[in-house]
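For reference, data35.txt is printed below; it contains compact mmCIF, C-alpha atoms.
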```
# COMPACT_ATOMS: atom_id res chain seq x y z
CA MET A 483 120.09 77.13 109.07
CA LEU A 484 116.85 75.26 108.52
CA THR A 485 115.52 74.03 111.85
CA LYS A 486 113.72 70.84 112.79
CA ARG A 487 110.04 71.40 113.46
CA ILE A 488 108.01 70.45 116.52
CA ILE A 489 104.34 69.94 115.68
CA PRO A 490 101.60 69.28 118.24
CA CYS A 491 98.59 67.47 116.79
CA LEU A 492 95.06 68.15 118.00
CA ASP A 493 92.02 65.97 117.35
CA VAL A 494 88.81 67.87 116.78
CA LYS A 495 85.31 66.48 116.88
CA ASN A 496 82.24 68.59 116.13
CA GLY A 497 84.28 71.74 116.58
CA ARG A 498 85.82 70.74 119.92
CA VAL A 499 89.28 69.43 120.75
CA VAL A 500 88.94 65.92 122.15
CA LYS A 501 91.20 63.52 124.04
CA GLY A 502 91.72 66.30 126.52
CA VAL A 503 94.41 68.81 126.93
CA ARG A 504 95.44 69.20 130.51
CA PHE A 505 96.91 72.56 131.16
CA LYS A 506 96.26 74.99 133.91
CA ASN A 507 95.28 78.52 132.98
CA LEU A 508 93.35 77.42 129.93
CA ARG A 509 89.85 78.71 130.30
CA ASP A 510 88.46 76.38 127.66
CA ALA A 511 90.64 73.35 126.93
CA GLY A 512 88.27 72.26 124.18
CA ASN A 513 88.47 75.41 122.10
CA PRO A 514 90.68 74.86 119.01
CA ALA A 515 91.56 78.54 118.61
CA GLN A 516 92.51 78.99 122.24
CA LEU A 517 94.70 75.89 122.19
CA ALA A 518 96.28 77.00 118.94
CA GLU A 519 97.25 80.28 120.51
CA PHE A 520 98.56 78.48 123.58
CA TYR A 521 100.83 76.31 121.42
CA MET A 522 101.99 79.25 119.32
CA ASN A 523 103.09 80.93 122.56
CA GLU A 524 104.77 77.69 123.67
CA ASN A 525 106.94 78.07 120.55
CA ALA A 526 105.43 75.23 118.52
CA ASP A 527 106.62 75.51 114.91
CA GLU A 528 103.38 74.42 113.26
CA LEU A 529 100.10 72.80 114.26
CA VAL A 530 98.12 69.93 112.81
CA PHE A 531 94.38 69.58 113.39
CA LEU A 532 92.75 66.29 112.63
CA ASP A 533 88.97 66.38 112.35
CA ILE A 534 87.54 63.08 113.51
CA SER A 535 83.85 63.97 113.16
CA ALA A 536 81.78 61.12 111.85
CA SER A 537 80.39 62.74 108.74
CA TRP A 538 81.19 65.54 106.37
CA GLU A 539 77.92 67.24 107.40
CA LYS A 540 79.26 67.53 110.95
CA ARG A 541 82.49 68.69 109.46
CA ARG A 542 80.78 71.76 108.10
CA THR A 543 81.45 73.16 111.55
CA MET A 544 85.08 72.66 110.58
CA LEU A 545 85.14 75.82 108.54
CA LYS A 546 84.07 77.85 111.54
CA TRP A 547 86.85 76.70 113.82
CA VAL A 548 89.41 76.77 111.01
CA GLN A 549 88.61 80.44 110.59
CA ASP A 550 88.76 81.03 114.36
CA VAL A 551 92.20 79.39 114.49
CA ALA A 552 93.42 81.44 111.52
CA ASP A 553 92.26 84.61 113.26
CA ARG A 554 94.29 83.81 116.36
CA ILE A 555 97.61 82.37 115.22
CA PHE A 556 100.41 83.47 112.95
CA ILE A 557 102.22 80.20 112.43
CA PRO A 558 101.29 77.62 109.78
CA PHE A 559 98.63 75.03 110.47
CA THR A 560 97.38 71.96 108.64
CA VAL A 561 93.87 70.56 108.63
CA GLY A 562 93.15 66.92 107.88
CA GLY A 563 90.49 64.30 108.38
CA GLY A 564 88.01 63.10 105.84
CA ILE A 565 88.84 65.59 103.09
CA SER A 566 87.69 63.83 99.93
CA SER A 567 87.28 66.47 97.25
CA LEU A 568 89.08 69.39 95.69
CA GLU A 569 86.22 71.65 96.70
CA GLN A 570 86.53 70.73 100.38
CA ALA A 571 90.29 71.25 100.23
CA ARG A 572 89.93 74.63 98.55
CA GLU A 573 87.33 75.72 101.08
CA ILE A 574 89.49 74.83 104.09
CA ILE A 575 92.45 76.74 102.62
CA SER A 576 90.24 79.73 101.82
CA PHE A 577 89.12 79.82 105.45
CA GLY A 578 92.73 80.26 106.52
CA ALA A 579 94.45 76.86 106.84
CA ASP A 580 97.93 76.80 105.30
CA LYS A 581 97.86 73.15 104.32
CA ILE A 582 95.37 70.34 103.97
CA SER A 583 96.21 66.73 104.65
CA LEU A 584 94.87 63.88 102.51
CA ASN A 585 94.88 60.26 103.58
CA THR A 586 92.14 57.80 102.56
CA ALA A 587 90.96 60.00 99.69
CA ALA A 588 94.46 60.05 98.21
CA VAL A 589 94.51 56.26 98.08
CA ASN A 590 90.99 56.08 96.62
CA ASP A 591 91.74 58.75 94.05
CA PRO A 592 95.45 59.55 93.60
CA GLY A 593 94.45 62.16 91.01
CA LEU A 594 93.07 64.24 93.88
CA VAL A 595 96.61 64.85 95.15
CA LYS A 596 97.60 66.28 91.79
CA LYS A 597 94.43 68.36 91.49
CA CYS A 598 94.95 69.85 94.95
CA ALA A 599 98.63 70.56 94.22
CA ASP A 600 97.79 72.20 90.90
CA LEU A 601 95.11 74.43 92.39
CA LEU A 602 96.51 75.20 95.84
CA GLY A 603 100.23 74.72 95.28
CA SER A 604 102.34 71.79 96.47
CA GLN A 605 103.20 73.62 99.67
CA ALA A 606 99.55 73.33 100.73
CA VAL A 607 99.23 69.58 100.20
CA VAL A 608 100.34 67.08 102.83
CA VAL A 609 99.73 63.38 102.29
CA ALA A 610 99.30 61.43 105.51
CA ILE A 611 100.43 57.82 105.26
CA ASP A 612 99.55 55.30 107.99
CA VAL A 613 101.78 52.24 107.85
CA LYS A 614 102.10 48.88 109.53
CA LEU A 615 104.94 46.35 109.35
CA THR A 616 103.91 43.08 107.67
CA ILE A 617 105.14 39.56 108.41
CA GLN A 618 107.06 39.72 105.14
CA GLY A 619 109.03 42.64 106.58
CA ASN A 620 107.69 45.46 104.45
CA TRP A 621 105.39 48.28 105.44
CA GLU A 622 101.81 48.34 104.22
CA VAL A 623 99.62 51.43 103.86
CA TYR A 624 96.37 51.48 105.84
CA VAL A 625 93.42 53.82 105.38
CA GLU A 626 90.18 54.80 107.11
CA GLY A 627 91.87 55.64 110.37
CA GLY A 628 94.04 52.54 110.22
CA LYS A 629 91.15 50.13 109.83
CA THR A 630 91.61 49.06 106.22
CA PRO A 631 94.75 47.57 104.66
CA THR A 632 95.34 48.64 101.07
CA GLY A 633 98.00 46.22 99.87
CA LYS A 634 100.11 49.24 98.93
CA ASP A 635 103.77 49.32 99.85
CA ALA A 636 104.59 52.41 101.95
CA ILE A 637 107.80 53.31 100.10
CA GLN A 638 106.19 53.01 96.67
CA TRP A 639 103.20 55.04 97.82
CA ALA A 640 105.42 57.80 99.24
CA LYS A 641 107.23 58.04 95.89
CA GLU A 642 103.92 58.08 94.06
CA VAL A 643 102.41 60.93 96.08
CA GLU A 644 105.61 62.92 95.72
CA ARG A 645 105.37 62.47 91.96
CA LEU A 646 101.73 63.62 92.11
CA GLY A 647 102.86 66.87 93.67
CA CYS A 648 102.41 66.70 97.42
CA GLY A 649 104.70 69.06 99.32
CA GLU A 650 105.22 66.97 102.41
CA ILE A 651 104.57 63.51 103.84
CA LEU A 652 103.17 62.85 107.31
CA LEU A 653 104.16 59.31 108.17
CA THR A 654 102.46 57.53 111.06
CA SER A 655 103.60 54.15 112.28
CA MET A 656 100.54 52.28 113.52
CA ASP A 657 102.79 49.79 115.28
CA LYS A 658 104.27 52.59 117.33
CA ASP A 659 101.29 54.91 117.70
CA GLY A 660 100.22 55.14 121.35
CA THR A 661 103.07 52.97 122.62
CA LYS A 662 105.31 55.84 123.75
CA SER A 663 108.28 53.67 122.75
CA GLY A 664 109.74 55.97 120.10
CA TYR A 665 109.19 56.62 116.40
CA ASP A 666 109.67 53.88 113.81
CA ASN A 667 112.93 55.24 112.46
CA GLU A 668 113.54 52.24 110.25
CA ILE A 669 110.69 52.96 107.85
CA ILE A 670 111.32 56.69 108.24
CA ARG A 671 114.91 56.23 107.01
CA LYS A 672 113.74 54.04 104.13
CA ILE A 673 111.17 56.57 102.96
CA MET A 674 113.49 59.54 103.47
CA SER A 675 116.06 57.99 101.17
CA SER A 676 113.49 57.57 98.38
CA ILE A 677 111.91 61.06 98.44
CA LYS A 678 112.99 64.71 98.33
CA VAL A 679 110.01 66.35 100.03
CA PRO A 680 110.11 66.84 103.80
CA LEU A 681 108.88 64.11 106.13
CA ILE A 682 106.99 64.56 109.39
CA ALA A 683 107.43 61.64 111.77
CA SER A 684 104.41 60.56 113.78
CA GLY A 685 103.47 57.81 116.17
CA GLY A 686 105.33 56.67 119.26
CA ALA A 687 106.74 59.76 120.96
CA GLY A 688 106.98 59.25 124.71
CA GLU A 689 110.16 61.04 125.72
CA MET A 690 112.35 63.86 124.53
CA GLU A 691 114.96 61.31 123.50
CA HIS A 692 112.53 59.80 120.97
CA ILE A 693 112.25 63.14 119.22
CA LEU A 694 116.03 63.54 119.22
CA ASP A 695 116.36 60.03 117.74
CA THR A 696 113.96 60.65 114.88
CA PHE A 697 115.70 63.93 114.03
CA ASN A 698 119.03 62.12 114.00
CA ALA A 699 117.41 59.56 111.69
CA GLY A 700 116.67 62.43 109.31
CA SER A 701 113.05 63.41 109.97
CA ASP A 702 112.36 67.06 109.17
CA ALA A 703 109.63 67.42 111.74
CA ALA A 704 108.23 65.49 114.68
CA LEU A 705 104.53 65.34 115.43
CA ALA A 706 103.10 64.29 118.77
CA ALA A 707 99.86 64.63 120.66
CA SER A 708 99.47 63.37 124.21
CA ILE A 709 102.98 64.12 125.46
CA PHE A 710 102.38 67.79 124.71
CA HIS A 711 98.74 67.94 125.72
CA PHE A 712 99.30 66.31 129.10
CA GLY A 713 102.29 68.51 129.81
CA ASP A 714 104.70 65.54 129.99
CA ILE A 715 106.95 67.52 127.70
CA ARG A 716 106.92 71.28 127.37
CA ILE A 717 108.00 72.49 123.95
CA LYS A 718 110.39 75.12 125.33
CA GLU A 719 112.21 72.52 127.42
CA LEU A 720 112.24 70.10 124.52
CA LYS A 721 113.89 72.70 122.31
CA THR A 722 116.54 73.42 124.95
CA TYR A 723 117.24 69.69 125.15
CA LEU A 724 117.43 69.30 121.36
CA GLN A 725 119.73 72.30 121.03
CA LYS A 726 122.07 70.78 123.62
CA HIS A 727 122.24 67.74 121.36
CA ASN A 728 123.13 69.85 118.32
CA ILE A 729 119.73 69.74 116.67
CA PRO A 730 118.91 73.11 115.09
CA VAL A 731 115.66 74.45 116.52
CA ARG A 732 113.83 77.74 116.38
CA ARG A 733 113.98 79.62 119.70
CA MET B 1297 95.28 102.17 102.61
CA ILE B 1298 97.18 99.01 101.77
CA GLY B 1299 95.83 97.00 98.84
CA ILE B 1300 96.54 93.28 98.64
CA VAL B 1301 96.80 92.31 94.98
CA ASP B 1302 94.52 89.32 94.35
CA TYR B 1303 95.31 87.71 91.00
CA GLN B 1304 93.90 84.27 91.85
CA VAL B 1305 97.24 82.78 92.86
CA GLY B 1306 97.09 81.55 96.41
CA ASN B 1307 95.29 82.61 99.52
CA VAL B 1308 95.40 86.28 100.48
CA GLY B 1309 93.33 85.92 103.66
CA ASN B 1310 96.21 85.39 106.05
CA VAL B 1311 98.09 88.44 104.76
CA LEU B 1312 94.95 90.51 105.37
CA ARG B 1313 94.58 89.04 108.88
CA ALA B 1314 98.17 89.99 109.72
CA LEU B 1315 97.64 93.56 108.50
CA LYS B 1316 94.48 93.87 110.58
CA VAL B 1317 96.32 92.72 113.70
CA LEU B 1318 98.97 95.35 112.93
CA ASP B 1319 96.21 97.98 112.72
CA PHE B 1320 96.78 98.83 109.08
CA ASP B 1321 93.85 99.89 106.97
CA ALA B 1322 93.91 97.16 104.31
CA GLY B 1323 91.78 95.38 101.77
CA VAL B 1324 91.99 92.74 99.04
CA ILE B 1325 91.78 94.11 95.48
CA GLY B 1326 90.73 91.67 92.77
CA ASN B 1327 91.12 94.00 89.79
CA PRO B 1328 93.44 96.96 89.09
CA LEU B 1329 90.39 98.99 88.04
CA LEU B 1330 89.18 98.73 91.63
CA VAL B 1331 92.26 100.36 93.20
CA THR B 1332 90.88 103.30 95.14
CA LYS B 1333 92.42 106.77 95.37
CA ASP B 1334 93.32 106.28 99.01
CA THR B 1335 95.41 103.20 98.22
CA ASP B 1336 99.04 104.15 98.83
CA THR B 1337 100.77 100.78 99.08
CA LEU B 1338 100.37 97.43 97.32
CA ILE B 1339 101.25 93.98 98.58
CA LEU B 1340 102.00 91.34 95.97
CA PRO B 1341 101.57 87.88 97.51
CA GLY B 1342 101.63 84.56 95.66
CA VAL B 1343 102.31 80.85 95.82
CA GLY B 1344 102.90 78.23 93.17
CA ALA B 1345 104.85 78.42 89.93
CA PHE B 1346 106.35 81.60 88.43
CA GLY B 1347 105.15 81.14 84.82
CA PRO B 1348 101.41 80.74 85.45
CA ALA B 1349 101.51 83.50 88.10
CA MET B 1350 103.15 85.97 85.70
CA GLU B 1351 100.64 85.00 83.04
CA SER B 1352 97.82 85.67 85.48
CA LEU B 1353 99.31 89.08 86.39
CA GLU B 1354 99.45 89.99 82.70
CA LYS B 1355 95.98 88.73 81.80
CA SER B 1356 94.32 90.50 84.71
CA GLY B 1357 95.96 93.82 83.87
CA TRP B 1358 97.93 93.87 87.10
CA ALA B 1359 101.32 93.67 85.37
CA THR B 1360 100.69 96.93 83.46
CA PHE B 1361 99.23 98.56 86.55
CA LEU B 1362 102.16 97.53 88.77
CA ASN B 1363 104.62 98.85 86.19
CA ALA B 1364 103.00 102.26 86.19
CA TRP B 1365 102.73 102.16 89.99
CA ASN B 1366 106.43 101.41 90.33
CA LYS B 1367 107.37 104.15 87.81
CA LYS B 1368 105.59 106.62 90.08
CA GLY B 1369 107.78 105.39 92.94
CA LEU B 1370 104.85 104.08 94.98
CA PRO B 1371 105.45 101.30 97.51
CA ILE B 1372 105.16 97.61 96.67
CA LEU B 1373 105.90 94.75 99.05
CA GLY B 1374 106.31 91.29 97.49
CA ILE B 1375 105.89 88.14 99.55
CA CYS B 1376 107.32 84.74 98.56
CA LEU B 1377 106.48 84.27 94.85
CA GLY B 1378 105.43 87.93 94.87
CA MET B 1379 109.03 88.92 95.61
CA GLN B 1380 110.29 86.66 92.83
CA LEU B 1381 107.82 88.14 90.33
CA MET B 1382 109.38 91.58 90.86
CA CYS B 1383 112.73 90.25 89.54
CA ASP B 1384 114.02 90.32 85.93
CA LYS B 1385 113.32 86.68 85.22
CA SER B 1386 112.95 83.14 86.55
CA LEU B 1387 114.23 79.80 85.31
CA GLU B 1388 111.35 77.85 86.88
CA ASN B 1389 110.09 75.41 84.22
CA GLY B 1390 111.66 77.35 81.35
CA VAL B 1391 112.66 81.00 81.10
CA HIS B 1392 110.01 83.48 82.22
CA LYS B 1393 110.25 87.24 82.19
CA GLY B 1394 109.28 88.91 85.46
CA LEU B 1395 108.15 92.44 86.26
CA GLY B 1396 111.79 93.56 86.11
CA PHE B 1397 111.76 95.93 89.10
CA ILE B 1398 114.57 94.08 90.86
CA GLN B 1399 117.81 93.08 89.19
CA GLY B 1400 118.42 89.34 89.30
CA THR B 1401 117.38 85.91 88.08
CA VAL B 1402 115.37 83.42 90.13
CA THR B 1403 116.84 79.91 89.92
CA SER B 1404 116.32 76.53 91.57
CA LEU B 1405 117.62 76.21 95.11
CA GLY B 1406 119.38 73.09 93.86
CA THR B 1407 119.44 71.58 97.33
CA GLN B 1408 119.13 67.90 98.21
CA LYS B 1409 115.85 68.42 99.95
CA LEU B 1410 113.10 70.32 98.13
CA PRO B 1411 111.06 72.33 98.83
CA HIS B 1412 112.83 74.39 101.48
CA MET B 1413 110.06 74.15 104.05
CA GLY B 1414 110.22 75.35 107.63
CA TRP B 1415 111.83 77.92 109.87
CA ASN B 1416 115.17 79.38 108.86
CA ASN B 1417 117.05 82.47 110.00
CA ILE B 1418 118.26 85.58 108.26
CA THR B 1419 121.49 87.56 108.21
CA TRP B 1420 121.25 91.28 107.45
CA ASN B 1421 123.94 92.71 105.18
CA GLY B 1422 123.92 96.16 106.76
CA ARG B 1423 122.14 98.05 103.96
CA THR B 1424 118.91 98.54 105.89
CA PRO B 1425 119.68 99.41 109.52
CA LEU B 1426 116.14 100.58 110.20
CA LEU B 1427 114.61 97.22 109.28
CA ALA B 1428 117.44 95.35 110.97
CA SER B 1429 116.67 97.20 114.19
CA SER B 1430 113.19 95.63 114.31
CA VAL B 1431 114.37 92.02 114.28
CA PRO B 1432 117.98 91.03 114.97
CA ASP B 1433 120.33 88.84 112.94
CA GLY B 1434 119.42 85.20 113.37
CA THR B 1435 115.67 85.73 113.64
CA PHE B 1436 113.67 82.82 112.25
CA PHE B 1437 110.98 83.07 109.60
CA PHE B 1438 108.79 80.52 107.86
CA PHE B 1439 109.89 79.56 104.34
CA VAL B 1440 108.23 77.42 101.65
CA HIS B 1441 109.85 77.54 98.21
CA SER B 1442 111.97 75.63 95.73
CA PHE B 1443 113.35 78.58 93.75
CA ALA B 1444 115.24 81.62 94.95
CA LEU B 1445 117.26 84.68 94.03
CA PHE B 1446 120.97 84.13 94.70
CA GLU B 1447 122.43 87.47 93.69
CA SER B 1448 121.00 90.93 93.55
CA PRO B 1449 122.39 94.42 94.21
CA ASP B 1450 119.18 94.99 96.19
CA THR B 1451 119.84 92.28 98.76
CA ALA B 1452 119.09 93.32 102.33
CA ALA B 1453 119.35 89.91 104.05
CA THR B 1454 120.36 86.36 103.15
CA THR B 1455 119.53 82.90 104.45
CA ARG B 1456 121.63 79.76 104.40
CA LEU B 1457 120.45 76.35 103.25
CA GLU B 1458 122.79 73.38 102.78
CA ASN B 1459 125.78 75.77 102.63
CA LYS B 1460 124.24 78.02 99.98
CA ASP B 1461 123.21 81.59 100.73
CA PHE B 1462 120.16 82.92 98.96
CA VAL B 1463 118.46 86.31 99.13
CA SER B 1464 115.69 86.32 101.74
CA ILE B 1465 114.96 90.07 101.84
CA ILE B 1466 115.28 92.68 99.12
CA VAL B 1467 114.90 96.43 99.55
CA LYS B 1468 115.20 98.99 96.75
CA ASP B 1469 113.80 102.52 97.04
CA ASN B 1470 110.01 102.04 97.04
CA LEU B 1471 110.22 98.24 96.90
CA ALA B 1472 110.69 95.46 99.42
CA GLY B 1473 110.36 91.71 99.19
CA PHE B 1474 110.43 88.73 101.54
CA GLN B 1475 111.16 85.21 100.33
CA PHE B 1476 109.58 83.90 103.54
CA HIS B 1477 106.05 84.43 104.86
CA PRO B 1478 106.09 87.17 107.52
CA GLU B 1479 102.35 86.61 108.04
CA ARG B 1480 103.08 83.00 109.13
CA SER B 1481 106.25 83.71 111.10
CA GLY B 1482 104.85 84.42 114.53
CA LEU B 1483 105.37 87.68 116.37
CA HIS B 1484 108.74 88.46 114.78
CA GLY B 1485 107.16 88.09 111.35
CA LEU B 1486 104.41 90.52 112.26
CA ARG B 1487 106.91 92.98 113.66
CA LEU B 1488 109.09 92.94 110.54
CA LEU B 1489 106.03 93.21 108.31
CA GLY B 1490 104.81 96.24 110.24
CA THR B 1491 108.21 97.97 110.28
CA THR B 1492 108.77 97.36 106.57
CA LEU B 1493 105.36 98.69 105.57
CA SER B 1494 105.78 101.77 107.75
CA TYR B 1495 109.22 102.34 106.20
CA LEU B 1496 107.89 102.00 102.64
CA MET B 1497 105.00 104.31 103.41
CA GLY B 1498 107.35 106.84 104.95
CA ILE B 1499 105.60 106.76 108.30
```
Hey, can you dump this file as structure tokens for me?
Amino acid sequence: MLTKRIIPCLDVKNGRVVKGVRFKNLRDAGNPAQLAEFYMNENADELVFLDISASWEKRRTMLKWVQDVADRIFIPFTVGGGISSLEQAREIISFGADKISLNTAAVNDPGLVKKCADLLGSQAVVVAIDVKLTIQGNWEVYVEGGKTPTGKDAIQWAKEVERLGCGEILLTSMDKDGTKSGYDNEIIRKIMSSIKVPLIASGGAGEMEHILDTFNAGSDAALAASIFHFGDIRIKELKTYLQKHNIPVRR
Amino acid sequence: MIGIVDYQVGNVGNVLRALKVLDFDAGVIGNPLLVTKDTDTLILPGVGAFGPAMESLEKSGWATFLNAWNKKGLPILGICLGMQLMCDKSLENGVHKGLGFIQGTVTSLGTQKLPHMGWNNITWNGRTPLLASSVPDGTFFFFVHSFALFESPDTAATTRLENKDFVSIIVKDNLAGFQFHPERSGLHGLRLLGTTLSYLMGI
């Protein structure tokens, strides 16, 4: 039986994990490879790294830590953040990442999604979609780290990127992100019913129940950051809880 | 030495990393002419679509080489698309002839959700007790695919998705294949990869 995936997300800046990860027994809480290994041993199903360095030049250091992570873990990991060309995407994959995630660049140049899928395979292409509920009651796509509205409707955009060949959608609700009040399961349900590719829910996880809720709403995977990094929720306990509630998980 | 067949379809780096961790002597081989005398086992990886991959195997000379290799009874391990390529044929975007080492036709999973992406478990069918002893029934592995083999006399394990059982492991004499990615399936994946290679190599 296919299980629901638990995915910790780590922000990396200039080769270091930022926003702090507070665990004892970690010699270097800023080292991406060491954290990756820690989460693999915690039984995380996949990892997502988001590079938030200011410029692509700084992101050249990205290839170094991507390789270090690939050397240490044997579960899939995705790298996103500022990838704007096929060449960058190819390079990151060749250094050992399993998937790349496109966000702003996909909106600016939808053809990039297709080019990446054709060259690297759909399984390697995640499109990250940041959405916000409008007064009219639909969800609008935002880019550039949530700063810029695009006028695009989230559901239409999800269908479009699926058609272009992406293998998975990472949906972040900006309304919910950081609130710890649960995922936005309304837009998740709407998008899920219009696409076939898997959906990763993101934004709003605060308690184990929130993850259970989004799985019951149909999400294939749940992504979270601070609740895992600060040790509020340990992945092993979370999986025990989910299993008790009849959610299939990998033990 | 284990040679990883590089025919420009997908990333071979993570397979190599896994073999290094398992202490196998291994290298990536970009051309059949470069297969060294000490190479005793080949790994056929691969992602993407069947047709273009088969075309690439033929153009690069690998298809002919693999045929001769298999006729000699030398070990080949196929991973993901690599396993599918060893079959008779695939119906992915038309009808494509495969290498024909394994009896069976690769067809669409036909499930509601596609691709089948994530961790799913296997059920051994009892044909390969040695491999089954390395990881028990119900062990999870990482899958990413939209097509699969549903019936083959060479089935060693199956996996269930939306009430359909497809073939997740094949074993036939000198050949083995995984539909999942053992190199991305954590410690159990590494263990099964190591056991299978040792078995194929007669260690």
Contact set, chain B to chain A: 9 Å, all atoms listed in the file, as a PyMOL selection string: chain B and resi 1305-1310+1313-1314+1343-1345+1408-1418+1435-1436+1438+1440-1441+1455-1459+1478-1483+1485-1486
Calculated over all atoms listed in the file, which of the candidates A:Ala640, A:Ser676, A:Pro631, A:Lys614 has the smallest distance to Ser655 of chain A?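 Of the candidates, the smallest distance to Ser655 of chain A is held by A:Lys614.
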Could you pull the residues within 12 Å of Lys629 of chain A, counting all atoms listed in the file, minus those fewer than 3 positions along the same chain, as a PyMOL selection string? chain A and resi 586+612-614+623-626+632+656
Show me, as a PyMOL selection string, the residues that have an atom within 9 Å of Leu652 of chain A when counting all atoms listed in the file, minus same-chain residues fewer than 2 positions from it. chain A and resi 583+608-612+650+654+680-684+705
Got a sec: who's within 8 Å of segment 1319-1326 of chain B, counting all atoms listed in the file, leaving out chain neighbours fewer than 2 positions off, as a list in words?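 Once the nearby chain positions are removed, what remains is Met1297, Ile1298, Gly1299, Ile1300, Val1301, Asp1302, Tyr1303, Val1308, Leu1312, Leu1315, Lys1316, Val1317, Pro1328, Leu1330 and Val1331 of chain B.
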Expected file contents, prior selection, C-alpha atoms, as a short mmCIF file (atom, residue, chain, number, x, y, z; two decimals), in the frame of the given file:
```
data_model
loop_
_atom_site.label_atom_id
_atom_site.label_comp_id
_atom_site.auth_asym_id
_atom_site.auth_seq_id
_atom_site.Cartn_x
_atom_site.Cartn_y
_atom_site.Cartn_z
CA MET B 1297 95.28 102.17 102.61
CA ILE B 1298 97.18 99.01 101.77
CA GLY B 1299 95.83 97.00 98.84
CA ILE B 1300 96.54 93.28 98.64
CA VAL B 1301 96.80 92.31 94.98
CA ASP B 1302 94.52 89.32 94.35
CA TYR B 1303 95.31 87.71 91.00
CA VAL B 1308 95.40 86.28 100.48
CA LEU B 1312 94.95 90.51 105.37
CA LEU B 1315 97.64 93.56 108.50
CA LYS B 1316 94.48 93.87 110.58
CA VAL B 1317 96.32 92.72 113.70
CA PRO B 1328 93.44 96.96 89.09
CA LEU B 1330 89.18 98.73 91.63
CA VAL B 1331 92.26 100.36 93.20
#
```
Nearest to Thr1419 of chain B by atom-to-atom distance, counting only C-alpha atoms, from B:Trp1365, B:Phe1462, B:Tyr1495, B:Phe1346: B:Phe1462
Expressed in Å to a single decimal, how great is the separation between atom CA of Asp1433 of chain B and atom CA of Ala1453 of chain B?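 Between atom CA of Asp1433 of chain B and atom CA of Ala1453 of chain B the gap is 9.0 Å.
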One number please: atom CA of Ser567 of chain A to atom CA of Val548 of chain A, in Å, one decimal. 17.3 Å
Interatomic distance (Å, one decimal) between atom CA of Asp510 of chain A and atom CA of Gly497 of chain A: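 Atom-to-atom, atom CA of Asp510 of chain A to atom CA of Gly497 of chain A, that is 12.7 Å.
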Hey, which of B:Gly1473, B:Pro1449, B:Gly1357, B:Gly1400 ends up closest to Leu1496 of chain B? Count only C-alpha atoms.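 Nearest to Leu1496 of chain B: B:Gly1473.
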Under the rule that only C-alpha atoms are counted, which of A:Leu568, A:Phe520, A:Ile693, A:Val530 is the nearest residue to Val494 of chain A?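 Nearest to Val494 of chain A: A:Val530.
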Quick one: residues within 12 Å of Arg1423 of chain B, all atoms listed in the file counted, chain neighbours fewer than 6 positions away excluded, as a PyMOL selection string? chain B and resi 1429+1449-1454+1465-1469
Around all of segment 484-501 of chain A's listed atoms, make the axis-aligned box with 6 Å on each side and tell me centre and edge lengths in Å to one decimal, as JSON.
```
{"center_x": 99.5, "center_y": 69.4, "center_z": 116.3, "size_x": 46.6, "size_y": 23.7, "size_z": 27.5}
```
Residues within 9 Å of (92.9, 72.9, 112.6), file coordinates, counting all atoms listed in the file: what are they? Give the list as a PDB file with C-alpha atoms, in the frame of the given file.
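Output contents, as saved in selection-v4.pdb:
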```pdb
ATOM      1  CA  CYS A 491      98.590  67.470 116.790  1.00  0.00           C
ATOM      2  CA  LEU A 492      95.060  68.150 118.000  1.00  0.00           C
ATOM      3  CA  ASP A 493      92.020  65.970 117.350  1.00  0.00           C
ATOM      4  CA  VAL A 494      88.810  67.870 116.780  1.00  0.00           C
ATOM      5  CA  PRO A 514      90.680  74.860 119.010  1.00  0.00           C
ATOM      6  CA  ALA A 515      91.560  78.540 118.610  1.00  0.00           C
ATOM      7  CA  ALA A 518      96.280  77.000 118.940  1.00  0.00           C
ATOM      8  CA  LEU A 529     100.100  72.800 114.260  1.00  0.00           C
ATOM      9  CA  VAL A 530      98.120  69.930 112.810  1.00  0.00           C
ATOM     10  CA  PHE A 531      94.380  69.580 113.390  1.00  0.00           C
ATOM     11  CA  LEU A 532      92.750  66.290 112.630  1.00  0.00           C
ATOM     12  CA  ASP A 533      88.970  66.380 112.350  1.00  0.00           C
ATOM     13  CA  MET A 544      85.080  72.660 110.580  1.00  0.00           C
ATOM     14  CA  TRP A 547      86.850  76.700 113.820  1.00  0.00           C
ATOM     15  CA  VAL A 548      89.410  76.770 111.010  1.00  0.00           C
ATOM     16  CA  GLN A 549      88.610  80.440 110.590  1.00  0.00           C
ATOM     17  CA  VAL A 551      92.200  79.390 114.490  1.00  0.00           C
ATOM     18  CA  ALA A 552      93.420  81.440 111.520  1.00  0.00           C
ATOM     19  CA  PHE A 559      98.630  75.030 110.470  1.00  0.00           C
ATOM     20  CA  THR A 560      97.380  71.960 108.640  1.00  0.00           C
ATOM     21  CA  VAL A 561      93.870  70.560 108.630  1.00  0.00           C
ATOM     22  CA  GLY A 562      93.150  66.920 107.880  1.00  0.00           C
ATOM     23  CA  ALA A 579      94.450  76.860 106.840  1.00  0.00           C
TER      24      ALA A 579
END
```
